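With CSV, C-alpha atoms and all ligand atoms inside, this is coords.csv:
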```csv
chain,number,residue,atom,x,y,z
A,1,MET,CA,0.0,0.0,0.0
A,2,SER,CA,1.4,3.5,-0.9
A,3,ALA,CA,2.0,6.1,1.8
A,4,ALA,CA,-0.9,8.2,0.3
A,5,SER,CA,-3.4,5.3,0.5
A,6,THR,CA,-2.3,4.3,4.0
A,7,LEU,CA,-3.0,7.9,5.2
A,8,LYS,CA,-6.4,7.9,3.5
A,9,SER,CA,-7.4,4.6,5.1
A,10,THR,CA,-6.1,5.8,8.5
A,11,ALA,CA,-8.2,9.0,8.1
A,12,HIS,CA,-11.2,6.9,7.1
A,13,ARG,CA,-10.8,4.5,10.1
A,14,VAL,CA,-10.2,7.3,12.6
A,15,PHE,CA,-13.2,9.4,11.5
A,16,SER,CA,-15.7,6.7,10.9
A,17,GLY,CA,-15.0,5.4,14.4
A,18,ILE,CA,-15.1,8.6,16.4
A,19,SER,CA,-17.7,10.5,14.4
A,20,PRO,CA,-20.4,10.4,17.2
A,21,THR,CA,-18.0,11.9,19.7
A,22,TYR,CA,-15.9,14.0,17.2
A,23,ASP,CA,-17.2,17.5,18.2
A,24,MET,CA,-16.3,16.8,21.9
A,25,ILE,CA,-12.9,15.2,21.0
A,26,LEU,CA,-12.0,18.2,18.8
A,27,ARG,CA,-12.5,20.6,21.6
A,28,PHE,CA,-10.5,18.4,24.0
A,29,PHE,CA,-7.7,17.6,21.5
A,30,THR,CA,-7.1,21.3,20.7
A,31,LEU,CA,-7.4,22.3,24.4
A,32,PHE,CA,-10.5,24.4,23.5
A,33,GLN,CA,-8.5,26.5,21.0
A,34,ASP,CA,-10.4,25.3,17.9
A,35,ASP,CA,-13.2,27.9,18.2
A,36,TYR,CA,-10.6,30.7,18.1
A,37,TRP,CA,-8.8,29.2,15.2
A,38,LYS,CA,-12.0,28.9,13.2
A,39,ASP,CA,-13.0,32.5,14.0
A,40,ASP,CA,-9.5,33.6,12.8
A,41,LEU,CA,-9.9,31.6,9.6
A,42,LEU,CA,-13.3,33.1,8.9
A,43,GLN,CA,-12.0,36.6,9.5
A,44,ARG,CA,-9.2,36.1,7.0
A,45,ALA,CA,-11.5,34.6,4.4
A,46,SER,CA,-13.5,37.9,4.5
A,47,LEU,CA,-16.7,36.1,3.2
A,48,ARG,CA,-19.0,38.3,1.2
A,49,ALA,CA,-22.8,37.9,0.7
A,50,GLY,CA,-23.5,35.4,-2.1
A,51,ASP,CA,-20.0,33.8,-2.0
A,52,LEU,CA,-19.9,30.1,-2.9
A,53,VAL,CA,-17.5,28.5,-0.4
A,54,LEU,CA,-16.0,25.0,-0.6
A,55,ASP,CA,-15.0,23.4,2.8
A,56,ILE,CA,-12.6,20.5,2.1
A,57,GLY,CA,-12.9,17.8,4.8
A,58,CYS,CA,-15.9,19.5,6.3
A,59,GLY,CA,-16.4,16.6,8.8
A,60,THR,CA,-19.4,17.1,11.1
A,61,GLY,CA,-19.9,20.7,10.0
A,62,VAL,CA,-18.2,22.5,13.0
A,63,LEU,CA,-17.0,25.3,10.7
A,64,GLU,CA,-20.4,25.7,9.2
A,65,GLU,CA,-21.9,26.1,12.7
A,66,ARG,CA,-19.6,29.0,13.3
A,67,ILE,CA,-20.5,30.6,9.9
A,68,GLY,CA,-24.1,30.5,11.3
A,69,ASN,CA,-26.5,32.6,9.2
A,70,LEU,CA,-24.0,34.6,7.1
A,71,PRO,CA,-25.5,34.9,3.6
A,72,VAL,CA,-23.1,32.6,1.9
A,73,GLN,CA,-23.5,29.1,0.5
A,74,ILE,CA,-21.2,26.3,1.7
A,75,VAL,CA,-20.5,23.1,-0.1
A,76,GLY,CA,-18.8,20.6,2.2
A,77,VAL,CA,-16.9,17.6,0.9
A,78,ASP,CA,-15.5,14.7,3.0
A,79,LEU,CA,-14.0,11.3,2.7
A,80,THR,CA,-16.1,9.8,5.6
A,81,LYS,CA,-19.8,9.2,5.2
A,82,GLU,CA,-20.3,9.0,9.0
A,83,MET,CA,-19.0,12.5,9.5
A,84,LEU,CA,-21.2,13.9,6.6
A,85,LEU,CA,-24.3,12.3,8.1
A,86,LEU,CA,-23.7,14.1,11.4
A,87,ALA,CA,-23.2,17.4,9.5
A,88,ALA,CA,-26.5,16.8,7.6
A,89,GLN,CA,-28.4,16.2,10.8
A,90,LYS,CA,-27.4,19.7,12.0
A,91,LYS,CA,-29.5,21.1,9.2
A,92,LEU,CA,-27.4,24.3,9.0
A,93,GLU,CA,-28.8,27.2,7.0
A,94,CYS,CA,-25.6,28.1,5.2
A,95,VAL,CA,-25.0,24.5,3.9
A,96,ASP,CA,-25.9,24.2,0.3
A,97,ALA,CA,-24.6,20.6,-0.3
A,98,LEU,CA,-22.6,17.9,1.5
A,99,LEU,CA,-20.8,15.4,-0.7
A,100,LEU,CA,-18.6,12.4,-0.3
A,101,GLY,CA,-15.3,13.0,-2.1
A,102,ASP,CA,-11.5,12.9,-1.9
A,103,ALA,CA,-9.6,16.2,-1.4
A,104,GLU,CA,-7.0,15.0,-4.0
A,105,ARG,CA,-9.7,14.3,-6.7
A,106,LEU,CA,-12.5,16.7,-6.0
A,107,PRO,CA,-15.8,16.0,-7.8
A,108,PHE,CA,-16.5,19.5,-9.1
A,109,VAL,CA,-16.0,21.5,-12.3
A,110,SER,CA,-13.1,23.9,-12.4
A,111,GLU,CA,-13.2,27.5,-11.2
A,112,ARG,CA,-16.6,27.2,-9.4
A,113,PHE,CA,-15.9,28.6,-5.9
A,114,ASP,CA,-15.1,32.1,-4.6
A,115,VAL,CA,-13.4,30.8,-1.4
A,116,VAL,CA,-11.9,27.5,-0.3
A,117,LEU,CA,-11.5,26.7,3.4
A,118,SER,CA,-10.1,23.6,5.0
A,119,CYS,CA,-9.3,22.6,8.6
A,120,TYR,CA,-7.2,19.6,9.7
A,121,VAL,CA,-7.1,17.8,6.3
A,122,ILE,CA,-3.9,18.7,4.4
A,123,LYS,CA,-1.8,16.4,6.6
A,124,TYR,CA,-3.7,13.4,5.3
A,125,CYS,CA,-2.9,14.4,1.7
A,126,LYS,CA,-0.1,14.9,-0.7
A,127,THR,CA,0.5,18.7,-0.4
A,128,GLU,CA,1.1,19.3,-4.1
A,129,ASP,CA,-2.1,17.4,-5.1
A,130,PHE,CA,-4.2,19.1,-2.4
A,131,VAL,CA,-3.0,22.6,-3.5
A,132,ALA,CA,-3.5,21.7,-7.2
A,133,GLN,CA,-7.1,20.8,-6.5
A,134,ILE,CA,-7.7,24.1,-4.6
A,135,ALA,CA,-6.2,26.0,-7.5
A,136,ARG,CA,-8.5,24.2,-9.9
A,137,MET,CA,-11.6,24.8,-7.7
A,138,LEU,CA,-11.2,28.6,-7.2
A,139,LYS,CA,-12.3,31.3,-9.6
A,140,PRO,CA,-9.5,33.7,-10.5
A,141,GLY,CA,-9.0,36.1,-7.6
A,142,GLY,CA,-10.5,33.6,-5.2
A,143,MET,CA,-9.2,33.1,-1.7
A,144,VAL,CA,-7.9,30.0,0.2
A,145,VAL,CA,-7.5,29.8,4.0
A,146,ILE,CA,-6.5,26.5,5.6
A,147,TYR,CA,-5.0,25.3,8.9
A,148,ASP,CA,-3.8,22.1,10.4
A,149,PHE,CA,-1.7,20.7,13.2
A,150,ALA,CA,2.0,21.3,12.8
A,151,ARG,CA,5.1,19.7,14.2
A,152,PRO,CA,5.8,21.5,17.5
A,153,SER,CA,8.1,24.5,16.9
A,154,GLY,CA,9.1,27.7,18.7
A,155,VAL,CA,9.5,28.4,22.4
A,156,LEU,CA,6.5,26.3,23.3
A,157,ALA,CA,7.7,23.3,21.3
A,158,PRO,CA,8.7,21.1,24.4
A,159,LEU,CA,5.2,21.7,25.9
A,160,HIS,CA,3.4,20.9,22.6
A,161,GLY,CA,5.6,17.9,22.0
A,162,PHE,CA,4.9,16.6,25.5
A,163,TYR,CA,1.2,17.0,25.0
A,164,ILE,CA,1.0,15.5,21.4
A,165,TYR,CA,3.6,12.7,21.7
A,166,GLY,CA,3.3,12.0,25.4
A,167,ILE,CA,-0.1,12.8,26.9
A,168,LEU,CA,-2.2,11.9,23.9
A,169,ARG,CA,-0.4,8.6,23.2
A,170,LEU,CA,-0.8,7.7,26.9
A,171,LEU,CA,-4.5,8.5,26.7
A,172,GLY,CA,-4.7,6.3,23.6
A,173,LYS,CA,-3.2,3.4,25.7
A,174,PHE,CA,-5.6,4.1,28.6
A,175,ALA,CA,-8.7,4.3,26.4
A,176,LYS,CA,-7.9,0.8,24.8
A,177,GLY,CA,-10.2,-1.2,27.0
A,178,TYR,CA,-13.0,1.4,27.1
A,179,ASP,CA,-13.3,2.9,23.6
A,180,PRO,CA,-11.2,1.3,20.8
A,181,SER,CA,-12.0,4.2,18.4
A,182,ILE,CA,-10.8,6.9,20.7
A,183,SER,CA,-7.8,4.7,21.5
A,184,PHE,CA,-7.0,4.3,17.8
A,185,THR,CA,-7.4,8.1,17.2
A,186,PHE,CA,-5.1,9.1,20.0
A,187,SER,CA,-2.4,6.6,19.1
A,188,LYS,CA,-2.5,7.3,15.4
A,189,LEU,CA,-2.8,11.1,15.3
A,190,PRO,CA,0.6,11.9,16.9
A,191,ASN,CA,2.3,9.8,14.2
A,192,VAL,CA,0.4,11.5,11.4
A,193,ILE,CA,1.4,14.9,12.8
A,194,ALA,CA,5.1,13.9,13.3
A,195,ARG,CA,5.5,12.5,9.8
A,196,SER,CA,3.6,15.2,7.9
A,197,THR,CA,5.7,17.8,5.9
A,198,TRP,CA,2.8,19.9,4.7
A,199,GLU,CA,3.9,23.0,6.5
A,200,ASP,CA,7.3,22.9,4.8
A,201,GLU,CA,5.9,22.3,1.4
A,202,ILE,CA,2.7,24.4,1.1
A,203,GLU,CA,4.1,27.8,0.4
A,204,GLY,CA,6.1,26.5,-2.6
A,205,CYS,CA,3.1,24.5,-3.8
A,206,LEU,CA,0.8,27.6,-3.6
A,207,VAL,CA,3.2,29.8,-5.6
A,208,ARG,CA,3.8,27.1,-8.3
A,209,ALA,CA,0.0,26.7,-8.5
A,210,GLY,CA,-0.5,30.4,-9.3
A,211,PHE,CA,-1.3,31.9,-5.9
A,212,VAL,CA,-0.1,35.4,-4.8
A,213,GLY,CA,0.1,37.1,-1.4
A,214,VAL,CA,0.9,33.8,0.4
A,215,ARG,CA,0.9,34.4,4.2
A,216,HIS,CA,0.9,32.3,7.3
A,217,LYS,CA,0.7,32.4,11.0
A,218,THR,CA,1.3,30.1,13.9
A,219,LEU,CA,-1.7,29.3,16.1
A,220,SER,CA,-1.6,29.2,19.9
A,221,GLY,CA,2.2,29.4,20.1
A,222,GLY,CA,3.0,26.6,17.6
A,223,GLY,CA,0.3,23.8,17.9
A,224,ALA,CA,-1.1,24.5,14.5
A,225,LYS,CA,-0.4,26.7,11.4
A,226,MET,CA,-2.7,28.7,9.2
A,227,PHE,CA,-1.9,29.6,5.5
A,228,TRP,CA,-3.9,32.0,3.3
A,229,ALA,CA,-3.4,33.2,-0.3
A,230,CYS,CA,-5.2,34.5,-3.3
A,231,LYS,CA,-5.5,32.9,-6.7
A,232,ASN,CA,-3.9,35.1,-9.4
A,233,LYS,CA,-6.6,37.0,-11.3
A,234,PHE,CA,-4.9,36.4,-14.7
A,301,LIG,C1,-10.1,16.4,12.0
A,301,LIG,S1,-11.5,16.2,10.9
A,301,LIG,C2,-11.8,17.9,10.6
A,301,LIG,C3,-13.3,18.2,10.3
A,301,LIG,C4,-13.6,19.6,10.1
A,301,LIG,N1,-12.8,20.2,9.0
A,301,LIG,C5,-13.4,20.4,11.4
A,301,LIG,O1,-12.7,21.4,11.4
A,301,LIG,O2,-14.0,20.0,12.4
A,301,LIG,C6,-10.7,15.8,9.4
A,301,LIG,C7,-11.7,15.4,8.3
A,301,LIG,O3,-11.0,15.3,7.1
A,301,LIG,C8,-11.6,14.2,6.4
A,301,LIG,N2,-10.6,13.8,5.4
A,301,LIG,C9,-9.4,13.2,5.6
A,301,LIG,N3,-8.7,13.0,4.5
A,301,LIG,C10,-9.5,13.4,3.5
A,301,LIG,C11,-9.5,13.4,2.1
A,301,LIG,N4,-8.4,12.9,1.4
A,301,LIG,N5,-10.5,14.0,1.4
A,301,LIG,C12,-11.6,14.5,2.0
A,301,LIG,N6,-11.7,14.5,3.4
A,301,LIG,C13,-10.7,14.0,4.1
A,301,LIG,C14,-11.9,13.2,7.4
A,301,LIG,O4,-12.9,12.3,7.0
A,301,LIG,C15,-12.4,14.1,8.6
A,301,LIG,O5,-13.8,14.3,8.5
```

Could I get this structure in the form of structure tokens?
Amino acid sequence: MSAASTLKSTAHRVFSGISPTYDMILRFFTLFQDDYWKDDLLQRASLRAGDLVLDIGCGTGVLEERIGNLPVQIVGVDLTKEMLLLAAQKKLECVDALLLGDAERLPFVSERFDVVLSCYVIKYCKTEDFVAQIARMLKPGGMVVIYDFARPSGVLAPLHGFYIYGILRLLGKFAKGYDPSISFTFSKLPNVIARSTWEDEIEGCLVRAGFVGVRHKTLSGGGAKMFWACKNKF
């Protein structure tokens, strides 16, 4: 099995297993930082009334809940049916469609969306393919904002490293007898984060794919990174 298909099957196994408890686990896993990160992402996306927005790896629709009743239309796509079913049950006003699909082979015609957003998905993908799909999806002048966990860096790196590679792995071991899905998630995610090179590759990929104004920021002192850029108008 190739590295890419191993990552995809890990993602599918993790998220089909934890889908009922995902929203709670997300808050816990990010030490309650995710709401702030999503608000930051939405601020950078500067959504305008009527925008058609693609959320890649929308999961249970946590981002859509934060968008609330802004007058935009969101199309969510995700690899895992169980996550999409939970998003659908929320019956969120801004959601136009929820579709099963792979971030590396998106099932849409080119240049359809004004904005592309994505949270916690790029580490499961080949960075070049993920960015190429975003470039294909966006209209000229369209905006992308994404974030994901990053390998611990900066002054808080020892603390983040201890949390991700120490505490979470330990929780994975403890959870084994009580919830195999949570145990699998907490034991696999630290490895996925440790092996991912998305944060080193994405800027070059965005530039090669025709994006301008590529910027990034570190979230909560190094636990995650956000990148944003605009697709060239010409
Ligand atoms: C950590 S969850 C994030 C969900 C949502 N974006 C959020 O912020 O809560 C990661 C999601 O990415 C999806 N995913 C992973 N790899 C994917 C791929 N190649 N294509 C589409 N979705 C993928 C998983 O099924 C899962 O729902």

* To do: Throw together the list of residues within 7 Å of ligand LIG 301 (chain A), counting only C-alpha atoms and all ligand atoms, and drop it here as a ChimeraX atom specification.
  => /A:8,11-12,15,26,56-63,77-80,83,101-104,118-121,124-125

* To do: Have a look at A:Gly177, A:Pro190, A:Gly68, A:Gly210 and name the one nearest to Tyr163 of chain A; count all atoms listed in the file.
  =>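 Closest to Tyr163 of chain A, using all atoms listed in the file: A:Pro190.
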
* Which residue out of A:Phe186, A:Gly222, A:Val155, A:Leu41 has the minimum interatomic distance to Phe28 of chain A when only C-alpha atoms are used? ->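 Of A:Phe186, A:Gly222, A:Val155, A:Leu41, the one nearest Phe28 of chain A is A:Phe186, counting only C-alpha atoms.
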
* Asked: What does the distance between atom CA of Ala135 of chain A and atom CA of Ala97 of chain A come to in Å, to one decimal place?
  -> 20.5 Å

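One finds atom CA of Lys173 of chain A at 27.0 Å from atom CA of Ser2 of chain A.
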
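The interatomic distance for the pair atom CA of Phe149 of chain A and atom CA of Lys123 of chain A works out to 7.9 Å.
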
* Have a look at A:Leu189, A:Met226, A:Leu117, A:Leu206 and name the one nearest to Gly166 of chain A; count all atoms listed in the file. =>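 Counting all atoms listed in the file, the residue closest to Gly166 of chain A is A:Leu189.
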
* Asked: A:Val144, A:Leu54, A:Ile167, A:Ile193: which is nearest Arg215 of chain A, counting all atoms listed in the file?
  -> A:Val144

* **For Cys94 of chain A, the nearest of the candidates A:Val109, A:Met24, A:Gly50, A:Phe130, counting only C-alpha atoms** =>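 Nearest candidate to Cys94 of chain A out of A:Val109, A:Met24, A:Gly50, A:Phe130: A:Gly50.
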
* **Nearest to Val53 of chain A by atom-to-atom distance, counting only C-alpha atoms, from A:Asp114, A:Asp40, A:Asp35, A:Glu82** => A:Asp114
